>>> print(open('final-v7.cif').read())   # mmCIF, C-alpha atoms and all ligand atoms
data_coords
#
loop_
_atom_site.label_atom_id
_atom_site.label_comp_id
_atom_site.auth_asym_id
_atom_site.auth_seq_id
_atom_site.Cartn_x
_atom_site.Cartn_y
_atom_site.Cartn_z
CA MET A 1 76.99 13.09 -60.58
CA GLN A 2 74.48 15.36 -58.78
CA LYS A 3 74.78 15.27 -54.99
CA VAL A 4 71.49 15.17 -53.09
CA LEU A 5 71.25 15.51 -49.31
CA ILE A 6 68.22 13.76 -47.77
CA SER A 7 67.26 14.65 -44.20
CA GLY A 8 65.65 11.61 -42.49
CA ALA A 9 66.16 7.87 -42.89
CA GLY A 10 62.48 6.95 -42.49
CA ILE A 11 60.20 5.46 -45.16
CA ALA A 12 60.38 8.42 -47.55
CA GLY A 13 64.11 9.10 -47.07
CA THR A 14 65.25 5.52 -47.59
CA THR A 15 63.00 5.00 -50.62
CA LEU A 16 64.19 8.26 -52.17
CA ALA A 17 67.85 7.29 -51.59
CA TYR A 18 67.24 3.98 -53.38
CA TRP A 19 65.58 5.55 -56.42
CA LEU A 20 68.01 8.47 -56.70
CA ARG A 21 70.93 6.06 -56.65
CA ARG A 22 69.26 3.90 -59.28
CA HIS A 23 68.80 6.97 -61.48
CA GLY A 24 72.50 7.88 -61.18
CA PHE A 25 72.54 10.49 -58.39
CA ALA A 26 74.83 10.50 -55.33
CA PRO A 27 72.55 10.54 -52.25
CA THR A 28 73.65 11.29 -48.68
CA VAL A 29 71.15 10.62 -45.89
CA VAL A 30 71.49 12.44 -42.57
CA GLU A 31 69.43 10.95 -39.72
CA ARG A 32 69.03 12.60 -36.33
CA ALA A 33 68.73 9.30 -34.43
CA PRO A 34 72.05 7.60 -33.58
CA GLU A 35 71.01 4.42 -35.42
CA PRO A 36 68.10 3.15 -37.56
CA ARG A 37 64.94 3.72 -35.49
CA SER A 38 62.95 0.77 -34.21
CA GLY A 39 59.47 0.65 -32.71
CA GLY A 40 56.21 2.03 -33.98
CA HIS A 41 52.96 0.66 -35.05
CA ALA A 42 51.95 -1.41 -38.04
CA VAL A 43 51.75 0.74 -41.18
CA ASP A 44 49.92 0.05 -44.45
CA ILE A 45 51.10 -0.25 -48.05
CA ARG A 46 48.19 0.07 -50.43
CA GLY A 47 47.33 0.52 -54.08
CA THR A 48 49.93 2.45 -56.08
CA ALA A 49 52.47 2.15 -53.23
CA LEU A 50 52.52 -1.64 -53.70
CA GLY A 51 53.74 -0.91 -57.23
CA VAL A 52 56.66 1.10 -55.83
CA VAL A 53 57.86 -1.72 -53.56
CA ASP A 54 57.33 -4.16 -56.43
CA ARG A 55 59.61 -2.06 -58.68
CA MET A 56 62.20 -2.17 -55.89
CA GLY A 57 62.00 -5.99 -55.96
CA LEU A 58 60.58 -6.06 -52.42
CA LEU A 59 56.93 -7.03 -52.84
CA GLY A 60 57.52 -10.70 -51.96
CA ARG A 61 59.52 -9.76 -48.86
CA VAL A 62 56.96 -7.27 -47.54
CA ARG A 63 54.17 -9.81 -48.10
CA GLU A 64 56.18 -12.35 -46.06
CA LEU A 65 56.51 -9.80 -43.26
CA SER A 66 52.84 -8.80 -43.39
CA THR A 67 51.09 -8.71 -40.00
CA ASP A 68 48.50 -11.05 -41.53
CA MET A 69 45.79 -10.05 -39.08
CA ARG A 70 42.92 -12.53 -38.72
CA GLY A 71 40.53 -10.24 -36.88
CA MET A 72 39.83 -8.23 -33.76
CA SER A 73 37.80 -8.18 -30.53
CA PHE A 74 36.43 -5.39 -28.38
CA VAL A 75 36.33 -6.00 -24.63
CA ASN A 76 34.83 -4.13 -21.66
CA GLY A 77 36.69 -2.93 -18.58
CA ALA A 78 36.45 -6.40 -16.98
CA GLY A 79 37.94 -8.05 -20.08
CA LYS A 80 34.63 -9.58 -21.27
CA THR A 81 34.41 -9.84 -25.07
CA LEU A 82 31.71 -7.54 -26.51
CA VAL A 83 32.19 -8.46 -30.15
CA LYS A 84 34.59 -10.35 -32.44
CA VAL A 85 35.10 -9.54 -36.11
CA THR A 86 37.11 -11.37 -38.74
CA GLU A 87 36.22 -9.33 -41.87
CA HIS A 88 38.38 -6.33 -40.99
CA THR A 89 40.57 -4.78 -38.30
CA LEU A 90 40.89 -1.22 -37.06
CA THR A 91 44.49 -0.83 -38.22
CA ALA A 92 44.67 -2.93 -41.41
CA GLY A 93 41.26 -2.63 -43.05
CA LEU A 94 39.84 -5.69 -44.83
CA THR A 95 41.45 -9.00 -43.85
CA ASP A 96 41.08 -10.45 -47.37
CA SER A 97 42.60 -7.63 -49.42
CA ASP A 98 45.83 -7.24 -51.40
CA ASP A 99 47.00 -4.42 -49.14
CA VAL A 100 49.94 -5.15 -46.87
CA GLU A 101 50.05 -4.20 -43.21
CA ILE A 102 53.60 -4.40 -41.87
CA LEU A 103 55.40 -3.30 -38.70
CA ARG A 104 57.11 0.02 -39.39
CA ASP A 105 60.54 -1.23 -38.38
CA ASP A 106 60.19 -4.32 -40.61
CA LEU A 107 59.45 -1.99 -43.53
CA THR A 108 62.34 0.43 -42.83
CA ASP A 109 64.75 -2.54 -42.48
CA THR A 110 63.51 -4.02 -45.77
CA LEU A 111 63.82 -0.71 -47.64
CA ALA A 112 67.28 -0.10 -46.16
CA SER A 113 68.45 -3.57 -47.26
CA VAL A 114 68.38 -2.41 -50.91
CA ALA A 115 69.43 1.21 -50.31
CA GLN A 116 73.00 0.76 -49.09
CA GLU A 117 75.33 0.58 -52.07
CA GLY A 118 76.26 4.04 -53.30
CA VAL A 119 74.32 5.75 -50.50
CA GLU A 120 76.15 7.58 -47.70
CA TYR A 121 74.41 7.49 -44.28
CA VAL A 122 75.29 9.87 -41.45
CA TYR A 123 73.57 8.98 -38.16
CA GLY A 124 73.34 11.17 -35.06
CA ASP A 125 73.47 14.48 -36.91
CA TRP A 126 71.03 16.98 -38.35
CA ILE A 127 70.87 20.05 -40.55
CA THR A 128 71.08 23.45 -38.84
CA GLY A 129 71.18 25.76 -41.86
CA ILE A 130 70.70 25.76 -45.66
CA THR A 131 71.77 28.54 -48.01
CA GLN A 132 71.19 28.23 -51.73
CA ASP A 133 72.15 30.08 -54.91
CA ALA A 134 72.22 29.40 -58.66
CA ASP A 135 75.08 26.91 -58.29
CA GLY A 136 73.97 24.79 -55.35
CA THR A 137 73.39 24.65 -51.62
CA ARG A 138 75.64 25.02 -48.58
CA VAL A 139 74.45 23.02 -45.60
CA THR A 140 75.57 23.30 -41.99
CA PHE A 141 75.15 20.49 -39.46
CA ALA A 142 74.87 20.28 -35.68
CA ARG A 143 77.95 18.04 -35.45
CA GLY A 144 79.65 17.55 -38.82
CA GLU A 145 81.45 20.06 -41.07
CA ALA A 146 79.47 22.24 -43.52
CA ARG A 147 79.09 20.61 -46.97
CA ASP A 148 77.89 21.48 -50.48
CA PHE A 149 75.08 19.67 -52.30
CA ASP A 150 73.20 20.27 -55.53
CA LEU A 151 69.84 19.64 -53.91
CA VAL A 152 68.39 19.09 -50.42
CA VAL A 153 65.28 17.03 -49.63
CA GLY A 154 63.41 17.10 -46.33
CA ALA A 155 62.17 13.57 -45.58
CA ASP A 156 62.29 14.25 -41.87
CA GLY A 157 58.68 13.54 -40.95
CA GLN A 158 55.83 15.44 -39.38
CA HIS A 159 58.12 17.85 -37.48
CA SER A 160 60.49 18.42 -40.41
CA ALA A 161 63.47 20.64 -39.66
CA VAL A 162 64.03 21.30 -43.39
CA ARG A 163 60.46 22.60 -43.68
CA SER A 164 61.01 24.96 -40.72
CA LEU A 165 64.31 26.25 -42.14
CA ILE A 166 63.07 26.91 -45.68
CA PHE A 167 59.29 27.30 -45.60
CA GLY A 168 58.63 28.63 -42.08
CA ALA A 169 57.30 27.59 -38.69
CA GLU A 170 55.42 24.26 -38.37
CA LYS A 171 52.32 25.98 -36.93
CA GLN A 172 51.49 27.51 -40.33
CA PHE A 173 51.15 24.10 -41.96
CA SER A 174 49.98 21.71 -39.23
CA HIS A 175 46.31 20.95 -38.68
CA TYR A 176 45.71 19.06 -35.46
CA LEU A 177 42.97 16.42 -35.67
CA ASP A 178 42.01 16.27 -31.96
CA THR A 179 43.73 12.95 -31.19
CA TYR A 180 47.04 11.63 -29.82
CA LEU A 181 48.49 8.18 -30.32
CA ALA A 182 51.12 6.30 -28.30
CA VAL A 183 52.63 3.00 -29.52
CA PHE A 184 55.14 0.74 -27.77
CA THR A 185 56.35 -2.85 -27.75
CA ILE A 186 55.32 -5.24 -24.95
CA PRO A 187 55.60 -8.96 -24.22
CA ASN A 188 52.68 -10.85 -25.75
CA PHE A 189 51.15 -11.59 -22.34
CA LEU A 190 47.62 -11.80 -23.81
CA ASP A 191 48.78 -14.62 -26.11
CA LEU A 192 47.35 -12.95 -29.20
CA ASP A 193 47.97 -14.72 -32.49
CA HIS A 194 47.72 -12.26 -35.41
CA TRP A 195 44.82 -10.73 -33.51
CA GLN A 196 43.89 -7.29 -32.15
CA THR A 197 42.02 -6.54 -28.93
CA PHE A 198 40.62 -3.12 -28.05
CA HIS A 199 39.02 -1.50 -25.03
CA MET A 200 37.25 1.82 -25.49
CA THR A 201 35.89 4.40 -23.07
CA PRO A 202 34.70 7.91 -24.03
CA GLY A 203 37.59 9.72 -25.68
CA LYS A 204 40.09 6.91 -24.98
CA MET A 205 41.12 3.67 -26.63
CA ALA A 206 43.61 1.01 -25.56
CA GLY A 207 44.62 -1.78 -27.92
CA VAL A 208 47.08 -4.65 -28.18
CA TYR A 209 47.97 -6.73 -31.21
CA SER A 210 50.50 -9.36 -31.97
CA ALA A 211 51.93 -9.93 -35.40
CA ARG A 212 55.54 -10.95 -35.01
CA GLY A 213 55.76 -14.52 -33.75
CA ASN A 214 54.06 -14.86 -30.40
CA THR A 215 56.60 -13.40 -28.04
CA GLU A 216 56.10 -9.70 -28.66
CA ALA A 217 53.07 -7.51 -29.13
CA ARG A 218 52.44 -3.81 -29.78
CA ALA A 219 50.30 -1.72 -27.46
CA MET A 220 48.57 1.46 -28.49
CA LEU A 221 46.90 4.10 -26.39
CA GLY A 222 44.89 6.76 -28.20
CA PHE A 223 42.99 9.68 -26.74
CA GLN A 224 41.07 12.74 -27.88
CA SER A 225 42.15 15.99 -26.32
CA PRO A 226 42.67 19.69 -26.98
CA GLU A 227 46.20 20.29 -28.25
CA LEU A 228 48.77 19.61 -25.50
CA ASP A 229 51.98 21.41 -24.74
CA PHE A 230 54.83 18.92 -24.23
CA ASP A 231 58.49 18.47 -25.15
CA ARG A 232 58.76 16.10 -28.14
CA HIS A 233 62.25 15.06 -27.07
CA ASP A 234 61.37 14.37 -23.41
CA VAL A 235 60.12 10.75 -23.43
CA GLU A 236 59.83 10.61 -19.61
CA GLN A 237 57.46 13.58 -19.67
CA GLN A 238 55.39 11.87 -22.38
CA ARG A 239 55.20 8.60 -20.40
CA LYS A 240 53.96 10.49 -17.35
CA LEU A 241 51.38 12.39 -19.36
CA ILE A 242 49.99 9.13 -20.81
CA ALA A 243 50.12 7.28 -17.47
CA ASP A 244 48.16 10.08 -15.74
CA LEU A 245 45.53 10.13 -18.49
CA PHE A 246 45.00 6.36 -18.47
CA ALA A 247 45.28 5.84 -14.69
CA ASP A 248 41.49 5.38 -14.36
CA GLN A 249 41.17 2.73 -17.10
CA GLY A 250 40.21 -0.92 -16.65
CA TRP A 251 41.00 -4.08 -18.67
CA GLU A 252 44.79 -4.62 -18.97
CA VAL A 253 45.60 -0.91 -19.07
CA PRO A 254 47.49 -0.87 -15.70
CA ARG A 255 49.80 -3.61 -17.04
CA LEU A 256 50.26 -1.75 -20.35
CA LEU A 257 51.28 1.37 -18.46
CA ARG A 258 53.86 -0.62 -16.48
CA GLU A 259 55.26 -2.14 -19.70
CA MET A 260 55.40 1.29 -21.35
CA THR A 261 58.37 2.26 -19.16
CA SER A 262 60.70 -0.34 -20.69
CA SER A 263 60.12 0.17 -24.41
CA GLU A 264 60.85 2.73 -27.14
CA LEU A 265 57.80 4.97 -27.22
CA TYR A 266 56.25 6.51 -30.34
CA PHE A 267 53.98 9.34 -29.23
CA ASP A 268 52.59 12.02 -31.49
CA SER A 269 49.51 14.00 -32.35
CA MET A 270 47.34 13.06 -35.30
CA THR A 271 48.14 16.09 -37.41
CA GLN A 272 47.91 16.82 -41.08
CA ILE A 273 50.55 18.87 -42.92
CA ARG A 274 48.96 21.06 -45.59
CA MET A 275 51.21 23.16 -47.83
CA ASP A 276 50.66 25.19 -51.01
CA ARG A 277 53.96 23.97 -52.44
CA PHE A 278 56.42 21.22 -51.64
CA THR A 279 59.53 22.77 -53.22
CA GLU A 280 61.46 26.03 -52.95
CA GLY A 281 64.56 26.70 -55.05
CA ARG A 282 66.83 23.67 -54.66
CA VAL A 283 64.93 22.22 -51.71
CA ALA A 284 62.01 19.75 -51.81
CA LEU A 285 59.88 17.99 -49.20
CA VAL A 286 58.68 14.40 -49.42
CA GLY A 287 56.41 12.22 -47.24
CA ASP A 288 55.10 13.47 -43.89
CA ALA A 289 57.44 16.48 -44.06
CA GLY A 290 55.50 17.95 -47.00
CA TYR A 291 52.09 16.31 -46.85
CA GLY A 292 51.67 14.08 -43.79
CA PRO A 293 48.05 12.92 -44.02
CA SER A 294 47.96 11.72 -40.33
CA PRO A 295 47.47 8.13 -39.14
CA LEU A 296 43.70 8.76 -39.33
CA SER A 297 43.98 8.52 -43.13
CA GLY A 298 45.90 5.22 -43.00
CA GLN A 299 47.92 6.50 -45.97
CA GLY A 300 51.07 8.15 -44.52
CA THR A 301 53.39 5.33 -45.52
CA SER A 302 51.88 4.88 -48.98
CA LEU A 303 52.16 8.62 -49.70
CA ALA A 304 55.79 8.55 -48.55
CA LEU A 305 56.63 5.61 -50.87
CA VAL A 306 54.85 7.06 -53.90
CA GLY A 307 56.12 10.61 -53.25
CA ALA A 308 59.73 9.40 -53.10
CA TYR A 309 59.33 7.40 -56.34
CA VAL A 310 57.79 10.35 -58.20
CA LEU A 311 60.34 12.88 -56.90
CA ALA A 312 63.32 10.71 -57.86
CA GLY A 313 61.75 9.91 -61.24
CA SER A 314 60.99 13.57 -61.98
CA LEU A 315 64.62 14.50 -61.24
CA ALA A 316 65.86 11.66 -63.43
CA SER A 317 63.65 12.77 -66.32
CA THR A 318 65.12 16.22 -66.83
CA ARG A 319 68.14 16.75 -64.54
CA ASP A 320 66.96 20.37 -64.37
CA HIS A 321 65.68 20.65 -60.83
CA ARG A 322 63.27 23.51 -61.67
CA SER A 323 61.25 21.57 -64.22
CA ALA A 324 61.66 18.35 -62.21
CA PHE A 325 60.24 19.97 -59.07
CA ALA A 326 57.38 21.49 -61.10
CA SER A 327 56.51 18.09 -62.49
CA TYR A 328 56.76 16.45 -59.01
CA GLU A 329 54.32 19.03 -57.61
CA ARG A 330 51.92 18.57 -60.55
CA GLU A 331 51.94 14.79 -60.32
CA ILE A 332 51.80 14.28 -56.59
CA ARG A 333 49.43 17.05 -55.42
CA PRO A 334 46.07 15.54 -56.59
CA PHE A 335 47.11 12.19 -55.08
CA VAL A 336 48.04 13.90 -51.80
CA LEU A 337 44.76 15.81 -51.60
CA GLN A 338 42.60 12.77 -52.30
CA ASN A 339 44.42 10.74 -49.62
CA GLN A 340 44.46 13.53 -47.05
CA ALA A 341 40.67 13.81 -47.42
CA LEU A 342 40.35 10.27 -45.99
CA ALA A 343 41.31 11.50 -42.51
CA SER A 344 38.11 13.50 -42.07
CA LEU A 345 36.03 10.42 -42.99
CA ASN A 346 37.62 8.57 -40.05
CA GLN A 347 37.54 11.43 -37.56
CA ARG A 348 34.70 10.96 -35.06
CA LYS A 349 34.13 12.23 -31.57
CA GLN A 350 34.51 9.15 -29.35
CA THR A 351 31.45 9.66 -27.14
CA ARG A 352 29.84 6.83 -25.16
CA PHE A 353 27.01 6.75 -27.71
CA ALA A 354 29.35 6.66 -30.74
CA GLN A 355 31.29 3.76 -29.20
CA TRP A 356 28.08 1.87 -28.32
CA ARG A 357 26.85 2.37 -31.92
CA GLN A 358 30.17 1.08 -33.28
CA ILE A 359 29.91 -2.14 -31.22
CA GLN A 360 26.26 -2.62 -32.30
CA SER A 361 27.09 -2.22 -35.99
CA LEU A 362 29.98 -4.67 -35.67
CA ARG A 363 27.59 -7.16 -34.02
CA ALA A 364 25.02 -6.63 -36.77
CA LEU A 365 27.66 -7.26 -39.43
CA ARG A 366 27.66 -10.97 -38.67
CA TYR A 367 23.97 -11.23 -39.72
CA LEU A 368 24.36 -9.20 -42.89
CA PRO A 369 23.98 -11.09 -46.18
CA PHE A 370 26.81 -10.32 -48.68
CA ARG A 371 28.81 -8.79 -45.84
CA SER A 372 32.11 -8.95 -47.67
CA ARG A 373 30.55 -6.90 -50.49
CA VAL A 374 29.19 -4.41 -47.96
CA MET A 375 32.62 -4.11 -46.33
CA LYS A 376 34.29 -3.56 -49.70
CA ALA A 377 31.78 -0.81 -50.50
CA ALA A 378 32.53 0.85 -47.14
CA MET A 379 36.26 0.80 -47.99
CA ARG A 380 35.74 2.24 -51.49
CA PRO A 381 37.01 5.79 -50.71
CA LEU A 382 40.28 4.29 -49.39
CA THR A 383 40.62 1.90 -52.33
CA GLU A 384 40.01 4.70 -54.83
CA ALA A 385 42.36 7.18 -53.15
CA SER A 386 45.20 4.69 -52.72
CA ASN A 387 45.02 3.76 -56.44
CA ALA A 388 44.52 7.29 -57.74
CA LEU A 389 47.99 7.67 -59.29
CA ALA A 390 49.43 5.51 -62.07
CA LEU A 391 53.19 5.03 -61.76
CA LYS A 392 55.21 6.27 -64.73
CA ASP A 393 58.36 4.61 -66.02
CA TYR A 394 61.14 7.16 -65.57
CA SER A 395 64.54 6.71 -67.03
C1 LIG B 1 59.98 5.75 -34.66
C2 LIG B 1 58.72 6.06 -35.43
C3 LIG B 1 57.56 5.35 -35.14
C4 LIG B 1 56.40 5.61 -35.87
N1 LIG B 1 55.27 4.93 -35.52
C5 LIG B 1 54.12 5.22 -36.13
C6 LIG B 1 52.92 4.61 -35.70
O1 LIG B 1 52.91 3.83 -34.77
N2 LIG B 1 51.77 4.90 -36.35
C7 LIG B 1 51.76 5.77 -37.40
O2 LIG B 1 50.72 5.99 -38.00
N3 LIG B 1 52.88 6.39 -37.82
C8 LIG B 1 54.05 6.16 -37.19
N4 LIG B 1 55.18 6.82 -37.57
C9 LIG B 1 55.09 7.76 -38.70
C10 LIG B 1 55.08 7.01 -40.03
O3 LIG B 1 56.27 6.26 -40.14
C11 LIG B 1 55.01 8.05 -41.14
O4 LIG B 1 53.77 8.73 -41.01
C12 LIG B 1 55.00 7.51 -42.56
O5 LIG B 1 55.59 6.28 -42.68
C13 LIG B 1 55.68 8.50 -43.51
O6 LIG B 1 57.07 8.34 -43.45
P1 LIG B 1 58.15 9.49 -43.52
O7 LIG B 1 59.39 8.85 -43.98
O8 LIG B 1 57.63 10.67 -44.25
O9 LIG B 1 58.33 9.97 -42.00
P2 LIG B 1 58.93 9.16 -40.75
O10 LIG B 1 58.69 7.71 -40.89
O11 LIG B 1 58.42 9.87 -39.54
O12 LIG B 1 60.52 9.37 -40.88
C14 LIG B 1 61.16 10.58 -40.62
C15 LIG B 1 62.61 10.28 -40.28
O13 LIG B 1 63.30 11.52 -40.14
C16 LIG B 1 64.06 11.50 -38.95
N5 LIG B 1 64.21 12.88 -38.50
C17 LIG B 1 63.33 13.64 -37.83
N6 LIG B 1 63.83 14.87 -37.64
C18 LIG B 1 65.06 14.88 -38.22
C19 LIG B 1 66.07 15.88 -38.38
N7 LIG B 1 65.92 17.10 -37.90
N8 LIG B 1 67.21 15.55 -39.05
C20 LIG B 1 67.39 14.27 -39.54
N9 LIG B 1 66.46 13.31 -39.40
C21 LIG B 1 65.31 13.61 -38.77
C22 LIG B 1 63.27 10.62 -37.99
O14 LIG B 1 64.09 10.11 -36.94
C23 LIG B 1 62.79 9.54 -38.95
O15 LIG B 1 63.74 8.53 -39.09
C24 LIG B 1 56.37 6.61 -36.88
C25 LIG B 1 57.53 7.32 -37.18
C26 LIG B 1 58.70 7.07 -36.47
C27 LIG B 1 59.94 7.87 -36.80
#
>>> encode(input="final-v7.cif", output="structure tokens", more="lines below")
Ligand SMILES: Cc1cc2nc3c(=O)[nH]c(=O)nc-3n(C[C@H](O)[C@H](O)[C@H](O)COP(=O)(O)OP(=O)(O)OC[C@H]3O[C@@H](n4cnc5c(N)ncnc54)[C@H](O)[C@@H]3O)c2cc1C
Amino acid sequence: MQKVLISGAGIAGTTLAYWLRRHGFAPTVVERAPEPRSGGHAVDIRGTALGVVDRMGLLGRVRELSTDMRGMSFVNGAGKTLVKVTEHTLTAGLTDSDDVEILRDDLTDTLASVAQEGVEYVYGDWITGITQDADGTRVTFARGEARDFDLVVGADGQHSAVRSLIFGAEKQFSHYLDTYLAVFTIPNFLDLDHWQTFHMTPGKMAGVYSARGNTEARAMLGFQSPELDFDRHDVEQQRKLIADLFADQGWEVPRLLREMTSSELYFDSMTQIRMDRFTEGRVALVGDAGYGPSPLSGQGTSLALVGAYVLAGSLASTRDHRSAFASYEREIRPFVLQNQALASLNQRKQTRFAQWRQIQSLRALRYLPFRSRVMKAAMRPLTEASNALALKDYS
């Protein structure tokens, strides 16, 4: 049985472990965090990616856990509603579509529930070195003993350590898209019921939505900025940076900043990972590690699900990693490129005028005849990109 080491127990890593096991491999997953990670924003499963969760027997479960958003409002600094919309939301797209928006931790828990048997998990450790030759790989870890594997896969996200070790420094591949995003859990003090509320000022956006019962909500703070220099592992420094930047904001922002101190914080730049190849020798990258499209595309999770399915299937088809990796690259690259292109469609400078225009067009929407058809047409690039790959049956 071929032994495959997967770095990262996120969306891509857990999905890959499931499919590799199903195809008869022996997967080991090493995750840097001491336990499965909670927190994070709602993520989307669209198009082809819905087919992957369906083939895992999880489509019904993820639909049950869907955030089921009913709409959104924009408010001014005093909390007065400027506009309400029920046709779509900023994070989930159209409210009456087949796509599923789900909290990231609900999705990772659901994927992990079927990826346990026959999968070894090692938490609180990470890879420090990989050497490879014709017979296999030797991997060293920060804490555990060195071990041998046939193949190694980096599913360790935007700041992949496997990518840095094998392909080179992150800077060569990361393309910053001028925006940062912070997400954290708060009590649902606004009493939102499957609803999102946003407050925008030039270059900044604060939002709150509630999807899980009515006791908890998720807050997000986004801002446009030149690239910042901060320590990714120093959460206190990140909290201070965000608090200083949002100190002048109205609406409920002061309360959000107070709540931010008592919750797991997700904070990262909107950055795209662009690489000429996703494999090297016996090492492959999957999900954000190889082709993170950035949250601006809305397709990071779907690419991770589809990428993991295709990589595992390609390996199952030939058992020769060279031709399997070649076929993975061939199959996934056009899908990656089409989905990454979505980010630039959503990237806009958040000036006062742009935000005013956005509110006016949302207000005008209500008077538009055939507005659901107009909305569907506006979403066409996303619909086409998310369906642009047909899943094969691998055996
Ligand atoms: C806690 C968290 C919250 C998130 N919240 C949001 C959000 O609010 N909005 C959004 O758009 N995207 C968010 N993301 C990113 C989003 O999940 C991914 O863009 C997308 O789902 C693709 O998944 P992935 O599996 O490729 O990467 P990820 O979901 O990022 O998973 C990568 C995994 O690898 C682990 N890891 C990292 N480095 C190492 C290492 N050196 N060794 C071992 N393991 C490592 C991480 O802890 C994580 O579990 C979040 C990611 C995380 C980890």
>>> residues_around(input="final-v7.cif", residues="A:Phe141", least_positions_apart="3", cutoff="8 Å", atoms="all atoms listed in the file", output="list in words")
Asp125, Trp126, Ile127, Thr128, Gly129, Gly144, Glu145 and Ala146 of chain A
>>> atom_distance(input="final-v7.cif", atom1="atom CA of A:Thr15", atom2="atom CA of A:Val235")
27.9 Å
>>> closest_residue(input="final-v7.cif", among="A:Met205, A:Leu20, A:Ile6, A:Val306", to="A:Gln350", atoms="all atoms listed in the file")
A:Met205
>>> atom_distance(input="final-v7.cif", atom1="atom CA of A:Val374", atom2="atom CA of A:Leu342")
18.5 Å
>>> atom_distance(input="final-v7.cif", atom1="atom C4 of ligand LIG 1 (chain B)", atom2="atom CA of A:Leu221")
13.5 Å
>>> residues_around(input="final-v7.cif", residues="A:Ala206", least_positions_apart="2", cutoff="10 Å", atoms="only C-alpha atoms", output="ChimeraX atom specification")
/A:181-182,197-201,204,208,219-223,246,249-253,256
>>> residues_around(input="final-v7.cif", residues="stretch 322-332 of chain A", least_positions_apart="2", cutoff="10 Å", atoms="all atoms listed in the file", output="PyMOL selection string")
chain A and resi 276-284+286+291+303+306-320+334-337+389-391
>>> write_last_selection(input="final-v7.cif", atoms="C-alpha atoms", output="compact mmCIF listing (two decimals), in the coordinates of the input")
# COMPACT_ATOMS: atom_id res chain seq x y z
CA ASP A 276 50.66 25.19 -51.01
CA ARG A 277 53.96 23.97 -52.44
CA PHE A 278 56.42 21.22 -51.64
CA THR A 279 59.53 22.77 -53.22
CA GLU A 280 61.46 26.03 -52.95
CA GLY A 281 64.56 26.70 -55.05
CA ARG A 282 66.83 23.67 -54.66
CA VAL A 283 64.93 22.22 -51.71
CA ALA A 284 62.01 19.75 -51.81
CA VAL A 286 58.68 14.40 -49.42
CA TYR A 291 52.09 16.31 -46.85
CA LEU A 303 52.16 8.62 -49.70
CA VAL A 306 54.85 7.06 -53.90
CA GLY A 307 56.12 10.61 -53.25
CA ALA A 308 59.73 9.40 -53.10
CA TYR A 309 59.33 7.40 -56.34
CA VAL A 310 57.79 10.35 -58.20
CA LEU A 311 60.34 12.88 -56.90
CA ALA A 312 63.32 10.71 -57.86
CA GLY A 313 61.75 9.91 -61.24
CA SER A 314 60.99 13.57 -61.98
CA LEU A 315 64.62 14.50 -61.24
CA ALA A 316 65.86 11.66 -63.43
CA SER A 317 63.65 12.77 -66.32
CA THR A 318 65.12 16.22 -66.83
CA ARG A 319 68.14 16.75 -64.54
CA ASP A 320 66.96 20.37 -64.37
CA PRO A 334 46.07 15.54 -56.59
CA PHE A 335 47.11 12.19 -55.08
CA VAL A 336 48.04 13.90 -51.80
CA LEU A 337 44.76 15.81 -51.60
CA LEU A 389 47.99 7.67 -59.29
CA ALA A 390 49.43 5.51 -62.07
CA LEU A 391 53.19 5.03 -61.76
>>> axis_aligned_box(input="final-v7.cif", around="stretch 286-298 of chain A", padding_each_side="3 Å", output="AutoDock Vina command-line options")
--center_x 51.2 --center_y 11.6 --center_z -44.3 --size_x 21.0 --size_y 18.7 --size_z 16.3
>>> residues_around(input="final-v7.cif", residues="A:Gln116", least_positions_apart="4", cutoff="12 Å", atoms="all atoms listed in the file", output="ChimeraX atom specification")
/A:9,14-22,26-29,109-112,120-121
>>> write_last_selection(input="final-v7.cif", atoms="C-alpha atoms", output="PDB file, in the coordinates of the input")
ATOM      1  CA  ALA A   9      66.160   7.870 -42.890  1.00  0.00           C
ATOM      2  CA  THR A  14      65.250   5.520 -47.590  1.00  0.00           C
ATOM      3  CA  THR A  15      63.000   5.000 -50.620  1.00  0.00           C
ATOM      4  CA  LEU A  16      64.190   8.260 -52.170  1.00  0.00           C
ATOM      5  CA  ALA A  17      67.850   7.290 -51.590  1.00  0.00           C
ATOM      6  CA  TYR A  18      67.240   3.980 -53.380  1.00  0.00           C
ATOM      7  CA  TRP A  19      65.580   5.550 -56.420  1.00  0.00           C
ATOM      8  CA  LEU A  20      68.010   8.470 -56.700  1.00  0.00           C
ATOM      9  CA  ARG A  21      70.930   6.060 -56.650  1.00  0.00           C
ATOM     10  CA  ARG A  22      69.260   3.900 -59.280  1.00  0.00           C
ATOM     11  CA  ALA A  26      74.830  10.500 -55.330  1.00  0.00           C
ATOM     12  CA  PRO A  27      72.550  10.540 -52.250  1.00  0.00           C
ATOM     13  CA  THR A  28      73.650  11.290 -48.680  1.00  0.00           C
ATOM     14  CA  VAL A  29      71.150  10.620 -45.890  1.00  0.00           C
ATOM     15  CA  ASP A 109      64.750  -2.540 -42.480  1.00  0.00           C
ATOM     16  CA  THR A 110      63.510  -4.020 -45.770  1.00  0.00           C
ATOM     17  CA  LEU A 111      63.820  -0.710 -47.640  1.00  0.00           C
ATOM     18  CA  ALA A 112      67.280  -0.100 -46.160  1.00  0.00           C
ATOM     19  CA  GLU A 120      76.150   7.580 -47.700  1.00  0.00           C
ATOM     20  CA  TYR A 121      74.410   7.490 -44.280  1.00  0.00           C
TER      21      TYR A 121
END
>>> closest_residue(input="final-v7.cif", among="A:His233, A:Lys3, A:Arg70, A:Arg147", to="A:Arg32", atoms="only C-alpha atoms")
A:His233
